[in-house]
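Asks: The file below is input.tsv, TSV, C-alpha atoms:
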```tsv
chain	number	residue	atom	x	y	z
A	1	MET	CA	-0.83	0.80	-2.00
A	2	SER	CA	2.54	2.17	-4.04
A	3	LEU	CA	4.11	4.07	-7.30
A	4	PRO	CA	3.24	1.03	-8.90
A	5	SER	CA	0.15	0.41	-6.95
A	6	ARG	CA	-1.26	0.06	-3.46
A	7	PRO	CA	-3.67	0.52	-8.02
A	8	LEU	CA	-3.15	2.19	-9.70
A	9	ALA	CA	-5.02	2.57	-13.08
A	10	GLU	CA	-2.83	2.64	-16.08
A	11	PRO	CA	-0.71	-0.01	-17.79
A	12	PRO	CA	2.13	-1.22	-15.59
A	13	ALA	CA	5.77	-1.27	-16.41
A	14	ALA	CA	7.45	-4.60	-17.01
A	15	ALA	CA	8.99	-4.65	-13.55
A	16	PRO	CA	6.63	-3.11	-11.01
A	17	ALA	CA	7.95	-1.93	-7.69
A	18	PRO	CA	7.46	-4.23	-4.72
A	19	GLY	CA	4.07	-3.97	-3.10
A	20	SER	CA	2.69	-1.55	-5.55
A	21	GLY	CA	-0.12	-2.23	-7.81
A	22	ARG	CA	1.28	0.09	-10.35
A	23	PRO	CA	4.28	0.69	-12.43
A	24	SER	CA	7.25	2.24	-10.74
A	25	GLY	CA	7.74	5.89	-11.53
A	26	ARG	CA	4.17	6.72	-10.53
A	27	PRO	CA	3.60	8.71	-7.37
A	28	THR	CA	1.19	6.27	-5.77
A	29	ARG	CA	1.22	3.15	-3.71
A	30	ARG	CA	-1.77	1.36	-4.97
A	31	GLY	CA	-4.81	3.35	-5.22
A	32	LEU	CA	-5.98	5.42	-2.53
A	33	LEU	CA	-6.69	4.88	0.94
A	34	THR	CA	-7.81	7.69	3.00
A	35	ALA	CA	-8.84	11.07	4.10
A	36	GLY	CA	-9.66	13.76	6.58
A	37	ALA	CA	-12.28	16.37	7.39
A	38	ALA	CA	-13.52	18.67	4.67
A	39	GLY	CA	-12.25	21.95	5.90
A	40	ALA	CA	-9.24	20.44	7.58
A	41	ALA	CA	-6.38	21.22	5.30
A	42	LEU	CA	-4.12	21.28	8.31
A	43	PHE	CA	-3.57	18.99	11.21
A	44	GLY	CA	-1.89	19.26	14.58
A	45	LEU	CA	0.73	16.81	15.74
A	46	ALA	CA	0.02	17.11	19.42
A	47	ALA	CA	2.46	14.35	20.25
A	48	CYS	CA	5.40	16.06	18.54
A	49	GLY	CA	7.54	17.87	21.05
A	50	SER	CA	9.42	20.84	19.62
A	51	GLY	CA	12.69	19.36	20.75
A	52	SER	CA	12.07	15.70	19.90
A	53	THR	CA	15.18	13.87	18.76
A	54	SER	CA	14.13	10.23	18.79
A	55	GLY	CA	14.22	8.11	15.64
A	56	SER	CA	12.51	4.91	14.52
A	57	GLY	CA	15.65	2.92	13.88
A	58	SER	CA	14.21	1.92	10.50
A	59	GLY	CA	16.33	4.12	8.29
A	60	SER	CA	14.44	7.39	8.18
A	61	GLY	CA	14.06	9.17	11.47
A	62	ALA	CA	15.10	12.11	13.55
A	63	LYS	CA	18.85	12.30	14.15
A	64	SER	CA	19.34	15.42	16.23
A	65	ALA	CA	17.63	18.64	17.21
A	66	LYS	CA	19.25	21.66	15.56
A	67	SER	CA	16.97	24.12	17.33
A	68	SER	CA	13.82	24.20	19.38
A	69	GLY	CA	11.74	24.37	16.19
A	70	THR	CA	13.40	21.85	13.89
A	71	ARG	CA	14.75	18.31	13.72
A	72	THR	CA	17.12	16.72	11.23
A	73	VAL	CA	15.93	13.45	9.72
A	74	ASP	CA	17.57	10.89	7.45
A	75	THR	CA	15.99	10.58	4.00
A	76	ALA	CA	16.72	8.99	0.64
A	77	LYS	CA	18.20	12.36	-0.33
A	78	GLY	CA	20.37	12.69	2.77
A	79	PRO	CA	19.77	14.66	5.99
A	80	VAL	CA	16.85	17.10	5.83
A	81	LYS	CA	15.85	19.65	8.47
A	82	VAL	CA	12.10	19.47	9.16
A	83	PRO	CA	9.74	21.31	11.52
A	84	ALA	CA	9.68	19.75	14.98
A	85	SER	CA	5.90	20.03	14.96
A	86	PRO	CA	4.64	20.29	11.36
A	87	LYS	CA	1.15	21.66	10.87
A	88	ARG	CA	0.56	21.38	7.11
A	89	VAL	CA	1.93	18.17	5.66
A	90	VAL	CA	1.32	17.25	2.03
A	91	ALA	CA	1.58	13.52	1.32
A	92	ILE	CA	2.52	13.12	-2.33
A	93	ASN	CA	2.39	9.32	-2.12
A	94	ASP	CA	-0.05	6.80	-0.68
A	95	PHE	CA	2.37	5.26	1.82
A	96	PRO	CA	2.95	8.35	3.98
A	97	MET	CA	-0.73	9.18	3.53
A	98	SER	CA	-1.74	5.79	4.93
A	99	ALA	CA	0.70	6.16	7.80
A	100	MET	CA	-0.77	9.53	8.69
A	101	PHE	CA	-4.27	8.09	8.73
A	102	ASP	CA	-3.06	5.28	10.96
A	103	LEU	CA	-1.64	7.94	13.27
A	104	GLY	CA	-4.96	9.77	13.35
A	105	LEU	CA	-3.58	12.71	11.35
A	106	THR	CA	-5.03	14.53	8.35
A	107	PRO	CA	-2.70	15.60	5.53
A	108	ALA	CA	-3.10	19.05	4.02
A	109	GLY	CA	-3.12	17.42	0.58
A	110	VAL	CA	-2.81	13.97	-1.00
A	111	PHE	CA	-2.21	12.30	-4.35
A	112	ASP	CA	-5.39	11.14	-6.13
A	113	ALA	CA	-5.23	7.58	-7.48
A	114	GLY	CA	-8.98	6.96	-7.56
A	115	GLU	CA	-11.58	6.63	-4.84
A	116	GLU	CA	-12.44	3.03	-5.75
A	117	TYR	CA	-9.13	2.04	-4.16
A	118	VAL	CA	-9.84	3.80	-0.87
A	119	PRO	CA	-11.08	1.50	1.92
A	120	GLN	CA	-14.60	2.35	3.04
A	121	ARG	CA	-13.32	3.18	6.51
A	122	ASP	CA	-11.35	6.11	5.06
A	123	LEU	CA	-13.46	7.16	2.10
A	124	ALA	CA	-15.39	10.07	3.61
A	125	ARG	CA	-12.25	11.60	5.11
A	126	TRP	CA	-10.25	11.07	1.94
A	127	LYS	CA	-12.82	12.81	-0.24
A	128	ALA	CA	-12.54	15.93	1.90
A	129	ILE	CA	-8.79	16.39	1.48
A	130	PRO	CA	-7.46	18.57	-1.38
A	131	LYS	CA	-5.84	16.50	-4.15
A	132	VAL	CA	-2.50	17.60	-5.58
A	133	SER	CA	-2.40	15.52	-8.75
A	134	ASP	CA	-3.64	16.30	-12.24
A	135	GLY	CA	-6.84	14.31	-11.96
A	136	VAL	CA	-7.04	10.63	-11.07
A	137	GLY	CA	-3.67	8.96	-11.53
A	138	GLY	CA	-2.13	12.10	-13.00
A	139	ALA	CA	1.20	13.73	-12.26
A	140	ILE	CA	1.72	15.75	-9.09
A	141	GLN	CA	0.98	19.41	-9.77
A	142	VAL	CA	3.53	21.58	-7.99
A	143	GLU	CA	1.16	24.54	-8.20
A	144	LYS	CA	-1.51	22.65	-6.27
A	145	VAL	CA	1.02	21.72	-3.62
A	146	ALA	CA	2.12	25.36	-3.36
A	147	GLU	CA	-1.46	26.55	-2.89
A	148	LEU	CA	-1.70	24.45	0.29
A	149	LYS	CA	1.30	26.27	1.83
A	150	PRO	CA	2.89	23.11	3.26
A	151	ASP	CA	5.50	23.21	5.98
A	152	LEU	CA	6.50	19.63	5.14
A	153	ILE	CA	6.19	17.38	2.06
A	154	ILE	CA	6.55	13.59	2.32
A	155	GLY	CA	6.87	11.14	-0.56
A	156	ILE	CA	9.03	8.18	-1.59
A	157	ASP	CA	12.26	7.91	-3.54
A	158	ALA	CA	10.68	6.05	-6.47
A	159	GLN	CA	8.81	9.18	-7.53
A	160	THR	CA	10.27	10.64	-10.71
A	161	THR	CA	7.52	12.75	-12.29
A	162	VAL	CA	8.53	16.02	-10.61
A	163	PRO	CA	12.13	17.17	-9.97
A	164	TYR	CA	12.97	17.06	-6.26
A	165	ASP	CA	14.12	20.69	-6.18
A	166	GLN	CA	10.65	21.87	-7.21
A	167	PHE	CA	9.30	20.43	-3.98
A	168	THR	CA	12.15	21.66	-1.80
A	169	ALA	CA	11.55	25.18	-3.11
A	170	LEU	CA	8.15	25.02	-1.40
A	171	ALA	CA	8.95	23.26	1.89
A	172	PRO	CA	11.30	20.74	3.50
A	173	THR	CA	10.78	17.54	1.51
A	174	VAL	CA	11.36	14.01	2.78
A	175	LEU	CA	11.56	11.15	0.29
A	176	LEU	CA	11.42	7.82	2.11
A	177	PRO	CA	13.66	4.93	0.90
A	178	PHE	CA	10.89	2.87	-0.69
A	179	SER	CA	13.24	1.28	-3.21
A	180	LYS	CA	15.19	-0.51	-0.48
A	181	SER	CA	12.14	-1.88	1.32
A	182	LYS	CA	10.73	-5.40	1.06
A	183	ALA	CA	7.73	-4.52	3.24
A	184	PRO	CA	6.86	-0.92	2.32
A	185	TRP	CA	3.61	-0.92	4.31
A	186	ARG	CA	5.63	-1.50	7.48
A	187	ASP	CA	8.81	0.43	6.71
A	188	MET	CA	7.17	3.51	5.21
A	189	SER	CA	4.77	3.68	8.16
A	190	ASP	CA	7.57	3.47	10.73
A	191	GLN	CA	9.65	6.03	8.88
A	192	THR	CA	6.76	8.45	8.39
A	193	ALA	CA	6.03	8.34	12.11
A	194	ALA	CA	9.70	9.06	12.84
A	195	VAL	CA	9.78	11.99	10.42
A	196	LEU	CA	6.67	13.44	12.07
A	197	GLY	CA	8.33	13.14	15.46
A	198	VAL	CA	6.15	10.34	16.86
A	199	PRO	CA	8.28	7.20	16.34
A	200	ASP	CA	6.50	5.19	19.01
A	201	ALA	CA	2.92	6.12	18.08
A	202	LEU	CA	2.37	2.97	16.03
A	203	ALA	CA	3.27	0.57	18.82
A	204	GLY	CA	-0.35	-0.30	19.51
A	205	LEU	CA	-1.02	-1.15	15.86
A	206	LYS	CA	2.13	-3.27	15.69
A	207	LYS	CA	0.95	-5.31	18.64
A	208	ARG	CA	-2.54	-5.69	17.16
A	209	TYR	CA	-1.00	-6.98	13.93
A	210	ALA	CA	1.27	-9.49	15.68
A	211	ASP	CA	-1.52	-10.69	17.97
A	212	ARG	CA	-3.98	-11.11	15.08
A	213	ALA	CA	-1.50	-13.11	12.99
A	214	ALA	CA	-0.70	-15.38	15.93
A	215	ALA	CA	-4.39	-15.91	16.71
A	216	ILE	CA	-5.11	-16.92	13.11
A	217	ARG	CA	-2.24	-19.41	13.06
A	218	LYS	CA	-3.57	-21.03	16.22
A	219	ALA	CA	-7.30	-20.99	15.47
A	220	HIS	CA	-7.05	-22.18	11.86
A	221	ALA	CA	-4.06	-24.52	12.01
A	222	ALA	CA	-5.89	-27.45	10.38
A	223	VAL	CA	-7.16	-25.44	7.41
A	224	LEU	CA	-3.79	-23.72	6.96
A	225	ALA	CA	-2.05	-27.10	6.85
A	226	ARG	CA	-4.22	-28.48	4.05
A	227	THR	CA	-4.58	-25.37	1.86
A	228	ARG	CA	-2.13	-24.01	-0.73
A	229	TRP	CA	-2.57	-20.39	-1.81
A	230	ASP	CA	-1.76	-18.36	-4.91
A	231	LEU	CA	-1.94	-14.55	-4.89
A	232	LEU	CA	-2.92	-12.37	-7.83
A	233	GLN	CA	-4.01	-8.99	-9.15
A	234	GLY	CA	-5.93	-8.36	-12.38
A	235	GLY	CA	-3.22	-6.18	-13.92
A	236	PHE	CA	-3.43	-3.17	-16.22
A	237	ASP	CA	-2.35	-4.23	-19.69
A	238	ALA	CA	-4.53	-6.37	-21.95
A	239	GLY	CA	-3.84	-10.08	-21.89
A	240	ASN	CA	-1.77	-9.99	-18.71
A	241	TRP	CA	-2.27	-10.29	-14.96
A	242	TRP	CA	0.05	-10.11	-11.97
A	243	LEU	CA	1.11	-13.06	-9.85
A	244	TYR	CA	2.42	-12.26	-6.36
A	245	GLY	CA	5.01	-14.34	-4.54
A	246	HIS	CA	5.78	-15.38	-1.00
A	247	GLY	CA	8.17	-12.44	-0.63
A	248	SER	CA	5.69	-9.75	-1.71
A	249	PRO	CA	4.13	-7.53	0.97
A	250	ILE	CA	0.82	-9.43	0.88
A	251	GLY	CA	2.71	-12.71	0.77
A	252	GLY	CA	4.60	-11.76	3.91
A	253	ILE	CA	1.39	-10.80	5.71
A	254	LEU	CA	-0.35	-14.08	4.88
A	255	ALA	CA	2.80	-16.02	5.76
A	256	ASP	CA	2.79	-14.35	9.18
A	257	ALA	CA	-0.68	-15.83	9.61
A	258	GLY	CA	0.52	-19.29	8.60
A	259	ALA	CA	-0.32	-19.41	4.88
A	260	VAL	CA	1.39	-22.05	2.74
A	261	PHE	CA	1.73	-21.18	-0.94
A	262	ALA	CA	1.01	-23.15	-4.09
A	263	THR	CA	3.73	-23.56	-6.70
A	264	GLY	CA	3.12	-20.26	-8.52
A	265	SER	CA	3.45	-18.00	-5.50
A	266	ALA	CA	5.93	-20.27	-3.70
A	267	ARG	CA	8.45	-20.04	-6.55
A	268	LEU	CA	8.11	-16.28	-6.99
A	269	ALA	CA	10.00	-13.89	-4.76
A	270	VAL	CA	7.92	-10.75	-5.25
A	271	GLN	CA	5.62	-10.30	-8.26
A	272	GLN	CA	5.57	-10.60	-12.03
A	273	SER	CA	3.37	-9.90	-15.03
A	274	VAL	CA	1.98	-13.12	-16.55
A	275	SER	CA	0.05	-13.70	-19.79
A	276	TYR	CA	-3.41	-15.25	-19.88
A	277	GLU	CA	-1.89	-18.21	-21.73
A	278	LEU	CA	-0.05	-19.18	-18.54
A	279	VAL	CA	-3.04	-19.14	-16.18
A	280	THR	CA	-3.23	-22.93	-16.00
A	281	GLY	CA	0.52	-23.40	-15.69
A	282	LYS	CA	0.84	-20.90	-12.87
A	283	LEU	CA	-2.32	-21.58	-10.87
A	284	ALA	CA	-3.25	-25.23	-11.48
A	285	ASP	CA	-2.27	-26.59	-8.07
A	286	ALA	CA	-3.72	-23.79	-5.94
A	287	ASP	CA	-6.41	-24.91	-3.49
A	288	ALA	CA	-7.46	-21.27	-3.02
A	289	ILE	CA	-6.69	-17.87	-4.54
A	290	PHE	CA	-6.40	-14.55	-2.72
A	291	TYR	CA	-6.82	-11.53	-5.01
A	292	TYR	CA	-7.05	-7.73	-5.11
A	293	THR	CA	-10.44	-5.95	-5.15
A	294	THR	CA	-11.77	-2.41	-5.28
A	295	ASN	CA	-13.75	-1.08	-2.31
A	296	ASP	CA	-16.99	-2.56	-3.67
A	297	GLY	CA	-15.57	-6.07	-3.46
A	298	LYS	CA	-15.14	-6.58	-7.23
A	299	PRO	CA	-11.87	-7.81	-8.78
A	300	ALA	CA	-9.68	-4.72	-9.23
A	301	ASN	CA	-8.12	-3.40	-12.41
A	302	LEU	CA	-8.56	-5.93	-15.26
A	303	GLY	CA	-9.50	-8.69	-12.84
A	304	PRO	CA	-12.96	-9.26	-14.38
A	305	LYS	CA	-11.35	-10.06	-17.75
A	306	LEU	CA	-8.94	-12.49	-16.13
A	307	PHE	CA	-11.71	-14.24	-14.21
A	308	ALA	CA	-13.75	-14.57	-17.41
A	309	GLN	CA	-11.01	-16.54	-19.17
A	310	LYS	CA	-11.93	-20.18	-19.85
A	311	SER	CA	-8.63	-21.35	-18.41
A	312	PHE	CA	-9.34	-19.44	-15.18
A	313	GLN	CA	-12.86	-20.85	-14.98
A	314	GLN	CA	-11.44	-24.38	-15.19
A	315	LEU	CA	-9.01	-23.98	-12.30
A	316	ALA	CA	-9.61	-26.27	-9.33
A	317	ALA	CA	-9.79	-23.25	-6.99
A	318	THR	CA	-12.40	-21.57	-9.21
A	319	LYS	CA	-14.55	-24.69	-9.53
A	320	ALA	CA	-14.47	-25.12	-5.76
A	321	ASP	CA	-15.43	-21.45	-5.29
A	322	HIS	CA	-12.26	-20.85	-3.33
A	323	LEU	CA	-11.62	-17.32	-4.64
A	324	TYR	CA	-11.25	-14.70	-1.90
A	325	GLY	CA	-10.72	-10.99	-2.47
A	326	SER	CA	-9.46	-8.07	-0.41
A	327	ILE	CA	-9.03	-4.37	-1.03
A	328	TYR	CA	-6.13	-4.59	1.44
A	329	PHE	CA	-4.15	-6.82	-0.93
A	330	LEU	CA	-1.79	-3.88	-1.54
A	331	PRO	CA	-1.45	-2.59	2.04
A	332	GLY	CA	-0.40	0.98	2.73
A	333	GLY	CA	0.06	0.70	6.48
A	334	TYR	CA	-0.64	-1.24	9.65
A	335	GLU	CA	-4.43	-0.81	9.57
A	336	ASP	CA	-4.46	-2.20	6.03
A	337	ALA	CA	-2.25	-5.12	7.03
A	338	ILE	CA	-4.52	-5.92	9.97
A	339	ALA	CA	-7.56	-5.70	7.70
A	340	ALA	CA	-5.85	-8.01	5.18
A	341	LEU	CA	-5.42	-10.53	7.98
A	342	GLY	CA	-9.12	-10.15	8.72
A	343	ASP	CA	-10.06	-10.93	5.12
A	344	PHE	CA	-7.69	-13.88	5.11
A	345	GLU	CA	-9.30	-15.23	8.28
A	346	LYS	CA	-12.75	-14.92	6.67
A	347	ALA	CA	-11.45	-17.05	3.80
A	348	LEU	CA	-10.04	-19.64	6.18
A	349	THR	CA	-13.34	-19.76	8.03
A	350	ALA	CA	-15.18	-20.34	4.75
A	351	LEU	CA	-12.83	-23.18	3.87
```
What's the structure tokens form of this structure?

Replies:
Amino acid sequence: MSLPSRPLAEPPAAAPAPGSGRPSGRPTRRGLLTAGAAGAALFGLAACGSGSTSGSGSGSGAKSAKSSGTRTVDTAKGPVKVPASPKRVVAINDFPMSAMFDLGLTPAGVFDAGEEYVPQRDLARWKAIPKVSDGVGGAIQVEKVAELKPDLIIGIDAQTTVPYDQFTALAPTVLLPFSKSKAPWRDMSDQTAAVLGVPDALAGLKKRYADRAAAIRKAHAAVLARTRWDLLQGGFDAGNWWLYGHGSPIGGILADAGAVFATGSARLAVQQSVSYELVTGKLADADAIFYYTTNDGKPANLGPKLFAQKSFQQLAATKADHLYGSIYFLPGGYEDAIAALGDFEKALTAL
């Protein structure tokens, strides 16, 4: 969650962006994730000092203070001067939105990719925030963004539906370098925090993530050693599903927890669209399968059609009932990554 995502709901392009559940070119990470209080179209960044100059060191952070009220940050579009303490931030992509929720902040507006992709923990807050897209999964509407009177707009560089200058005419606009990231949930979170002037605010979540991964590796070493995993998403176009590799965002998270991958995911760097005809060839030697769900626990996107295929029903993992789902399969930030580890540990416990 993710342009091509965190779920997105329409047919994907042939080469989806890393960690998305959608085709690149879409303004969303994977689906949706979050929210804030109903009347709260603005939020206060109490931790942002007006003269803050620190950066995250991850490629998009504050470089220097030009005045007591602004900072200059690195972006995919070059240096951009932003408010030192922004009050009305519109997140036009799911990644900065997720980062803001992880930071305890409420955006003034967010992209709408569909509430079924929003984790239950964030659903009530998310519903209360104004949406700036043309319906679910639609294009960003500049007019809706303008109505919210933002003092800062944050998105990612893979967004192409609206010309950049239409955003900059409304407020300073930061596009994060998503296209260069192999772990967008981590990099976009770190860079969003830096842009908002709180580069160290995620330290606690980073430690929780590292500690949880280490604890899983230790507590479930025996199961991890004997189990080979494949990773998949139902996909968006008829007759095809998506296989995820060891180098995908979810692959990296499970690997941190000690996962060993079956042939399909082990041989794949990131992710690819696969036809139903290749289900057996790609998944035959998996002992267990980890897959993407909506927030009601059901296989996301066209997952139900994939699972109903005879070839899928005959897989060893399916017959053994070793199918484990997670809405955090397309993580948008640290909380999602930690929750994905939690779902993975539940699977290991069941095994």

Asks: Could you list, as a PyMOL selection string, every residue within 8 Å of region 311-326 of chain A, counting only C-alpha atoms and ignoring same-chain residues fewer than 3 positions away?

Replies: chain A and resi 279-280+283-294+297-299+306-308+329+340+343-344+347+351

Asks: Could you tell me how far CA of Leu148 (chain A) sits from CA of Arg71 (chain A), in Å to one decimal place?

Replies: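 A separation of 22.1 Å between them.
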
Asks: Taking only C-alpha atoms into account, which of A:Ser275, A:Trp229, A:Glu335, A:Gly138 comes nearest Lys207 (chain A)?

Replies: A:Glu335

Asks: Pick out the closest residue to Gly239 (chain A) from this set: A:Arg208, A:Lys305, A:Arg186, A:Lys180. Count all atoms listed in the file.

Replies: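 Closest to Gly239 (chain A) of all the choices is A:Lys305.
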
Asks: Which distance in Å separates CA of Gln271 (chain A) and CA of Lys182 (chain A), to one decimal?

Replies: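 Separation between CA of Gln271 (chain A) and CA of Lys182 (chain A): 11.7 Å.
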
Asks: Would you be able to write out as number ranges by chain which residues have an atom within 9 Å of (5.1, 5.3, 11.7) in the file's coordinates, counting all atoms listed in the file?

Replies: A: 56, 96, 99-100, 102-103, 186-196, 198-203, 333-334

Asks: Nearest residue to Leu302 (chain A) out of A:Ser133, A:Thr263, A:Asn240, A:Thr349, using all atoms listed in the file?

Replies: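 Smallest distance to Leu302 (chain A) is found for A:Asn240.
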
Asks: Point out the residue among A:Val110, A:Leu341, A:Ala124, A:Ala350 with the least atom-to-atom distance to Val136 (chain A), counting all atoms listed in the file.

Replies: A:Val110

Asks: Extract, using only C-alpha atoms, all DNA, RNA and protein residues at most 8 Å from region 211-220 of chain A, discarding same-chain residues fewer than 6 positions from it, and format them as a list in words.

Replies: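 The residues that qualify are Asp256, Ala257, Gly258, Ile338, Leu341, Glu345, Leu348 and Thr349 of chain A.
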
Asks: Between A:Lys81, A:Arg88, A:Lys346, A:Lys131, which is the closest to Gly69 (chain A) once you count all atoms listed in the file?

Replies: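 Of A:Lys81, A:Arg88, A:Lys346, A:Lys131, the one nearest Gly69 (chain A) is A:Lys81, counting all atoms listed in the file.
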
Asks: Please identify all polymer residues within 10 Å of Ile250 (chain A), counting all atoms listed in the file, omitting same-chain residues fewer than 2 positions from it, and present them as a PyMOL selection string.

Replies: chain A and resi 19+183+185+231-232+244-248+252-256+270+290-291+328-331+337+340-341
